[in-house]
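*Asks:* Just dropping this structure here.
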Amino acid sequence: MPDYLRPEEAARLLRFLPPKWTCLFATGLYTGLRKGELFGLRKSDVDLDRGLLTVARSYDRDTTKGGHADVIPVARDLVPYLEAALEASPAELVFPTADGKMQREGAQLEIVLRRALRRAGIVTGYRHVCRRNACGHSEQATDAELRRCPRCHMKLWPVGEVRPLRFNHLRHTTASLLMMAGANPAAVQRIMRHSDPRITTEVYGHLAPDYLRAEVDRLSFGAPPQHSLPAPKAAPLAAGLLLAPGAEPKRATEHMPDPSDSVALSRSGWRDLNPRHPAPKAGALPGCATPRVGSF
């Protein structure tokens with residue numbers, strides 16, 4: 001899965017970009033256009049009255065990567081950026097150089113991107129470098145707190161480390177945030193101008209669990225029937241534990257012989273051990289004697 005900027009990171013990035021690049025980066029984030037498509041965008045391709053943008057060329061080539069022109073909608077929040085770019089441009093291009101020429105293909109927008117991320121504090125950690133060039137000491141840390149060099153005791157300079165993002169990751173950000181916001185995958189495909197809808201769903205589909213959950217809830221076959229569960233059958237040994245409504249429970253000692261009657265207890269034990277033989281008469285069993293049930 002390609003990396004992308006989270007919503008709060010994209011918002012901070014736009015605030016920390018140099019003014020000359022802010023409108024171009026904003027257009028990239030809101031439209032998903034590639035670098036060459038942004039550099040080749042002309043004023044005639046922008047129709048703010050209808051809220052449409054035509055993507056017809058890349059750099060000075062009269063075709064895009066997909067080989068055909070596409071028309072995509074302009075987001076409301078993008079309109080002020082495009083208005084500022086159109087007003088500031090001295091040429092027919094929307095994002096030209098200061099003298100009105102087209103930006104060169106080798107323009108290092110990745111450097112602009114990473115410097116802005118570092119200024120915005122969107123970093124994964126900090127590398128603290130000794131200010132004395134001859135020392136060369138550096139150490140990693142998760143914060144930018146002041147530290148001193150353990151070798152020469154000079155202050156260490158904290159340098160924020162950013163993710164290795166390229167300008168093309170802005171395009172991934174557009175698709176990812178649209179899917180996470182619950183946009184229809186078919187609409188995302190049209191906005192991103194993917195030739196195959198499977199590209200959209202396979203690369204970015206897992207980012208829309210809430211959307212997919214809402215879509216599957218469209219299935220409805222009526223209210224589920226209200227079944228009454230049958231009363232559980234009592235097992236034979238537990239039959240006496242299940243009482244009819246209103247019945248009083250029997251005492252546990254109701255059918256048990258009196259513990260003080262040792263003869264009764266002995267006769268009861270004889271019946272348990274010798275179910276096929278009659279119990280001895282009263283007085284035949286001593287109080288503590290164990291009945292002999294057979295020989296081995």
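Please note that chains go A, B, ... in the order of the structure tokens, that every chain numbers its residues from 1, and that ligands are numbered from 1 in the order shown.
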Could you give me, as CSV, every stretch 136-230 of chain A residue with an atom at most 10 Å from stretch 71-91 of chain A, plus its closest atom pair and distance in Å to one decimal, counting only C-alpha atoms, rows ordered by chain then number?
*Replies:*
residue,atom,partner,partner_atom,distance
A:Arg190,CA,A:Ile72,CA,7.5
A:Ile191,CA,A:Ile72,CA,5.8
A:Met192,CA,A:Ile72,CA,8.7
A:Arg193,CA,A:Ile72,CA,8.6
*Asks:* For the residues selected in the previous step, produce a file with C-alpha atoms as a compact mmCIF listing (two decimals), in the first residue's frame.
*Replies:*
# COMPACT_ATOMS: atom_id res chain seq x y z
CA ARG A 190 -13.43 8.78 -12.37
CA ILE A 191 -11.68 11.48 -10.35
CA MET A 192 -8.39 9.57 -10.32
CA ARG A 193 -8.89 8.60 -13.99
*Asks:* Looking only at helix (DSSP H, G or I) from DSSP on the backbone, list the matching residues of stretch 86-140 of chain A as a compact mmCIF listing (two decimals) with C-alpha atoms, in the first residue's frame.
*Replies:*
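Below you can see out-v5.txt, which holds the result:
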# COMPACT_ATOMS: atom_id res chain seq x y z
CA LEU A 86 -4.92 32.23 -12.43
CA GLU A 87 -4.51 35.81 -11.27
CA ALA A 88 -0.80 35.46 -10.52
CA LEU A 109 9.22 19.07 -5.84
CA GLU A 110 10.14 16.30 -3.41
CA ILE A 111 12.62 18.69 -1.77
CA VAL A 112 9.90 21.33 -1.45
CA LEU A 113 7.53 18.73 0.00
CA ARG A 114 9.93 17.34 2.60
CA ARG A 115 11.14 20.76 3.74
CA ALA A 116 7.53 21.84 4.27
CA LEU A 117 6.79 18.66 6.21
CA ARG A 118 9.82 19.27 8.40
CA ARG A 119 8.76 22.88 9.09
*Asks:* With only C-alpha atoms as the basis for distance, which of A:His128, A:Lys43, A:His169, A:Lys35 is at the shortest distance from A:Gln103?
*Replies:*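 The answer is A:Lys35, which sits nearest to A:Gln103.
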*Asks:* So how many Å separate atom CA of A:Ser195 and atom CA of A:Phe39, to one decimal?
*Replies:*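 Between atom CA of A:Ser195 and atom CA of A:Phe39 the gap works out to 22.0 Å.
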*Asks:* So, with only C-alpha atoms as the atoms that count, which of A:Pro197, A:Arg148, A:Gly205, A:Asn168 lies closest to A:Met180?
*Replies:*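 Checking each candidate against A:Met180, we get A:Gly205 as the closest.
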*Asks:* Please give the complete set of residues from stretch 88-182 of chain A that DSSP, run on the backbone, assigns to strand (DSSP E), formatted as a list of chain:residue names.
*Replies:*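 Selection result, strand (DSSP E) within stretch 88-182 of chain A: A:Gly125, A:Tyr126, A:Arg127, A:His128, A:Val129, A:Cys130, A:Ser138, A:Glu139, A:Gln140, A:Ala141, A:Leu156, A:Trp157, A:Pro158, A:Val159, A:Gly160, A:Glu161.
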*Asks:* Tell me which protein, DNA and RNA residues are within 10 Å of A:Gly125, counting only C-alpha atoms, leaving out same-chain ones fewer than 3 positions away, and put them as a list in words.
*Replies:*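 Answer for this query is Gly121, Ile122, His128, Gln140, Ala141, Thr142, Asp143, Ala144, Pro158, Val159, Gly160, Glu161, Val162 and Arg163 of chain A.
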*Asks:* Contacts of stretch 14-21 of chain A at 6 Å or less, counting only C-alpha atoms, minus same-chain residues fewer than 3 places along, as a compact mmCIF listing (two decimals) with C-alpha atoms, in the first residue's frame?
*Replies:*
# COMPACT_ATOMS: atom_id res chain seq x y z
CA ALA A 11 -3.84 20.65 6.16
CA LEU A 24 0.16 23.95 -7.12
CA ALA A 116 7.53 21.84 4.27
CA ALA A 120 5.25 21.64 9.89
*Asks:* Return the single residue from A:Ala98, A:Leu93, A:Val216, A:Ala175 that is closest to A:Gly40, with distances computed using only C-alpha atoms.
*Replies:*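 Under the stated criterion, the closest residue is A:Leu93.
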*Asks:* Can you list, as a count of residues only, every protein, DNA or RNA residue that comes within 12 Å of A:Arg151 when you count only C-alpha atoms, leaving out same-chain residues fewer than 2 positions away?
*Replies:* 16
*Asks:* Under the rule that only C-alpha atoms are counted, which of A:Arg50, A:Arg218, A:Arg42, A:Arg166 is the nearest residue to A:Gly100?
*Replies:* A:Arg42
*Asks:* Please measure the separation of atom CA of A:Asp45 and atom CA of A:Arg57, giving the value in Å to one decimal.
*Replies:*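 Computing the Euclidean distance for atom CA of A:Asp45 and atom CA of A:Arg57 yields 10.0 Å.
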